[in-house]
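Asker: Quick one: the structure is below, and I'll ask about it shortly.
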Amino acid sequence: EPEVTQTPSHQVTQMGQEVILRCVPISNHLYFYWYRQILGQKVEFLVSFYNNEISEKSEIFDDQFSVERPDGSNFTLKIRSTKLEDSAMYFCASSGDPNSPLHFGNGTRLTVT
Amino acid sequence: RKEVEQDPGPFNVPEGATVAFNCTYSNSASQSFFWYRQDCRKEPKLLMSVYSSGNEDGRFTAQLNRASQYISLLIRDSKLSDSATYLCVVSGGSNYKLTFGKGTLLTVNP
């Protein structure tokens, strides 16, 4: 079964550093998402992306965040200057259409020290 | 009302028990509804979509009441492997965004 893959599985970075989290969505999917989950809390929407542009973003997704689809397969989330409170599990997801359920990658655990 | 609200739990049940999860949502324009399960420190995985007429998949039954903005999940004959957090997930009006409930932790005991 096709799956969403994310790298790295764990990223440790110092406060103020830039990080790029990478995702390869399912190949025939057109809708891409980033979610995050702080330990012990709920899964929170960050951003959705379709047709090479952001469709919707949450208030969490401020100017420090950006997304990109640099080629036909990768979908990246960049955090420009990380803060301690950015420590969380970041999940990438994709779907074939907006009414379909999302397929999630296995996540990148980001630890900001 | 919170966007998606679930029973806080946790639920501890013996094997073979029937357990029900409840969820309410605030956005009357929501179009799509799902139940996901999440194992500890893993990604959410789709359990089942929820349709207006209600639907069943083996031991799992989902119901939707649009008038009350209420969704439920029933697990019959629970197994040890059903132990997980169950997440109620609802689309926003635009369908570009799915909103997750906080989840209800289920532990099935031998």
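Chain labels follow the order of the structure tokens: the first chain is A, the next B, and so on; residue numbering restarts at 1 in every chain, and ligands are counted from 1 in their shown order.
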Give one line per residue of chain B that approaches chain A to at most 9 Å, naming the two atoms of the closest pair and their distance in Å to one decimal, counting only C-alpha atoms; sort by chain then ascending residue number and deliver it as a tab-separated table.
Answerer:
```
residue	atom	partner	partner_atom	distance
B:Gln31	CA	A:Asn99	CA	7.7
B:Ser32	CA	A:Asn99	CA	6.2
B:Phe33	CA	A:Pro101	CA	8.6
B:Phe34	CA	A:Pro101	CA	7.3
B:Arg41	CA	A:Met89	CA	8.4
B:Lys42	CA	A:Asn106	CA	6.3
B:Glu43	CA	A:Asn106	CA	5.1
B:Pro44	CA	A:Phe104	CA	6.6
B:Lys45	CA	A:Phe104	CA	7.0
B:Leu46	CA	A:Pro101	CA	7.3
B:Met48	CA	A:Pro101	CA	8.9
B:Ser49	CA	A:Pro101	CA	7.4
B:Ser91	CA	A:Asn99	CA	8.2
B:Ser94	CA	A:Pro98	CA	8.5
B:Asn95	CA	A:Pro98	CA	5.5
B:Tyr96	CA	A:Pro98	CA	5.8
B:Lys97	CA	A:Ser48	CA	6.8
B:Leu98	CA	A:Phe45	CA	7.2
B:Thr99	CA	A:Phe45	CA	6.8
B:Phe100	CA	A:Val43	CA	6.0
B:Gly101	CA	A:Lys42	CA	6.7
B:Lys102	CA	A:Lys42	CA	4.6
B:Gly103	CA	A:Lys42	CA	7.1
```
Asker: Where does DSSP see strand (DSSP E) in stretch 1-92 of chain B, if you list the residues as a PyMOL selection string?
Answerer: chain B and resi 4-6+11-14+19-25+33-38+45-49+55-57+60-65+70-75+84-91
Asker: Could you save the residues just selected, with N, CA and C atoms, as a compact mmCIF listing (two decimals), in the first residue's frame?
Answerer:
```txt
# COMPACT_ATOMS: atom_id res chain seq x y z
N VAL B 4 -14.20 20.56 18.04
CA VAL B 4 -14.47 19.12 18.11
C VAL B 4 -14.23 18.70 19.56
N GLU B 5 -15.23 18.16 20.17
CA GLU B 5 -15.12 17.79 21.58
C GLU B 5 -15.44 16.31 21.76
N GLN B 6 -14.59 15.63 22.50
CA GLN B 6 -14.77 14.20 22.74
C GLN B 6 -14.85 13.91 24.23
N PHE B 11 -10.85 5.34 29.12
CA PHE B 11 -11.73 4.20 29.30
C PHE B 11 -10.87 2.96 29.54
N ASN B 12 -11.22 2.21 30.56
CA ASN B 12 -10.57 0.92 30.83
C ASN B 12 -11.65 -0.14 30.81
N VAL B 13 -11.55 -1.09 29.89
CA VAL B 13 -12.60 -2.10 29.75
C VAL B 13 -11.95 -3.48 29.66
N PRO B 14 -12.69 -4.52 30.04
CA PRO B 14 -12.17 -5.88 29.87
C PRO B 14 -12.34 -6.34 28.42
N VAL B 19 -17.76 -0.79 23.90
CA VAL B 19 -17.40 0.56 24.37
C VAL B 19 -17.86 1.58 23.34
N ALA B 20 -18.35 2.71 23.82
CA ALA B 20 -18.87 3.75 22.93
C ALA B 20 -18.11 5.05 23.15
N PHE B 21 -17.78 5.71 22.04
CA PHE B 21 -17.13 7.01 22.07
C PHE B 21 -18.08 8.04 21.48
N ASN B 22 -18.11 9.20 22.10
CA ASN B 22 -18.98 10.27 21.64
C ASN B 22 -18.17 11.50 21.26
N CYS B 23 -18.74 12.25 20.31
CA CYS B 23 -18.04 13.43 19.79
C CYS B 23 -19.08 14.45 19.34
N THR B 24 -18.84 15.71 19.63
CA THR B 24 -19.69 16.77 19.09
C THR B 24 -18.80 17.76 18.34
N TYR B 25 -19.38 18.43 17.36
CA TYR B 25 -18.63 19.41 16.57
C TYR B 25 -19.44 20.68 16.45
N PHE B 33 -16.48 13.40 7.96
CA PHE B 33 -16.30 12.98 9.35
C PHE B 33 -15.58 11.65 9.37
N PHE B 34 -14.65 11.54 10.32
CA PHE B 34 -13.83 10.33 10.36
C PHE B 34 -13.54 9.96 11.80
N TRP B 35 -13.25 8.71 12.02
CA TRP B 35 -12.62 8.24 13.25
C TRP B 35 -11.23 7.73 12.89
N TYR B 36 -10.24 8.23 13.62
CA TYR B 36 -8.87 7.76 13.49
C TYR B 36 -8.49 7.11 14.82
N ARG B 37 -7.49 6.23 14.76
CA ARG B 37 -6.88 5.75 16.00
C ARG B 37 -5.41 6.14 15.99
N GLN B 38 -4.90 6.36 17.18
CA GLN B 38 -3.50 6.73 17.31
C GLN B 38 -2.87 5.91 18.43
N LYS B 45 -4.06 6.95 12.32
CA LYS B 45 -4.42 6.06 11.20
C LYS B 45 -5.93 6.01 11.08
N LEU B 46 -6.39 6.09 9.85
CA LEU B 46 -7.82 6.07 9.60
C LEU B 46 -8.43 4.77 10.08
N LEU B 47 -9.46 4.89 10.90
CA LEU B 47 -10.24 3.72 11.31
C LEU B 47 -11.43 3.56 10.38
N MET B 48 -12.21 4.63 10.27
CA MET B 48 -13.33 4.58 9.33
C MET B 48 -13.88 5.98 9.07
N SER B 49 -14.44 6.14 7.88
CA SER B 49 -15.20 7.35 7.57
C SER B 49 -16.58 7.19 8.18
N ASN B 55 -22.60 3.63 9.43
CA ASN B 55 -21.90 2.56 8.73
C ASN B 55 -21.18 1.66 9.71
N GLU B 56 -20.96 0.45 9.24
CA GLU B 56 -20.39 -0.59 10.09
C GLU B 56 -19.21 -1.24 9.37
N ASP B 57 -18.20 -1.56 10.14
CA ASP B 57 -17.05 -2.28 9.57
C ASP B 57 -16.62 -3.31 10.60
N PHE B 60 -16.88 -2.50 14.40
CA PHE B 60 -16.95 -1.06 14.57
C PHE B 60 -18.19 -0.49 13.87
N THR B 61 -18.92 0.37 14.60
CA THR B 61 -20.09 1.03 14.02
C THR B 61 -19.99 2.52 14.28
N ALA B 62 -20.17 3.30 13.24
CA ALA B 62 -20.12 4.76 13.38
C ALA B 62 -21.48 5.33 13.04
N GLN B 63 -21.86 6.37 13.78
CA GLN B 63 -23.14 7.04 13.54
C GLN B 63 -22.90 8.54 13.46
N LEU B 64 -23.71 9.21 12.65
CA LEU B 64 -23.65 10.66 12.52
C LEU B 64 -25.05 11.23 12.68
N ASN B 65 -25.18 12.24 13.49
CA ASN B 65 -26.45 12.96 13.65
C ASN B 65 -26.17 14.43 13.34
N TYR B 70 -23.39 15.53 16.13
CA TYR B 70 -22.91 14.50 17.04
C TYR B 70 -22.47 13.28 16.24
N ILE B 71 -21.34 12.71 16.65
CA ILE B 71 -20.80 11.52 15.99
C ILE B 71 -20.49 10.50 17.08
N SER B 72 -20.67 9.25 16.76
CA SER B 72 -20.34 8.21 17.74
C SER B 72 -19.58 7.07 17.07
N LEU B 73 -18.88 6.34 17.91
CA LEU B 73 -18.17 5.12 17.48
C LEU B 73 -18.44 4.06 18.52
N LEU B 74 -18.88 2.91 18.06
CA LEU B 74 -19.14 1.77 18.95
C LEU B 74 -18.18 0.65 18.59
N ILE B 75 -17.50 0.11 19.58
CA ILE B 75 -16.64 -1.05 19.37
C ILE B 75 -17.25 -2.20 20.15
N ALA B 84 -5.79 2.04 22.30
CA ALA B 84 -5.26 3.15 21.51
C ALA B 84 -6.02 4.40 21.92
N THR B 85 -5.64 5.53 21.35
CA THR B 85 -6.42 6.75 21.48
C THR B 85 -7.29 6.90 20.25
N TYR B 86 -8.57 7.17 20.44
CA TYR B 86 -9.52 7.29 19.33
C TYR B 86 -9.82 8.77 19.10
N LEU B 87 -9.60 9.18 17.87
CA LEU B 87 -9.69 10.59 17.50
C LEU B 87 -10.90 10.83 16.60
N CYS B 88 -11.71 11.77 17.00
CA CYS B 88 -12.83 12.22 16.18
C CYS B 88 -12.31 13.34 15.28
N VAL B 89 -12.57 13.25 13.99
CA VAL B 89 -11.98 14.20 13.04
C VAL B 89 -13.08 14.73 12.13
N VAL B 90 -13.12 16.05 11.99
CA VAL B 90 -14.21 16.71 11.27
C VAL B 90 -13.63 17.72 10.29
N SER B 91 -14.19 17.79 9.10
CA SER B 91 -13.71 18.78 8.15
C SER B 91 -14.29 20.14 8.48
```
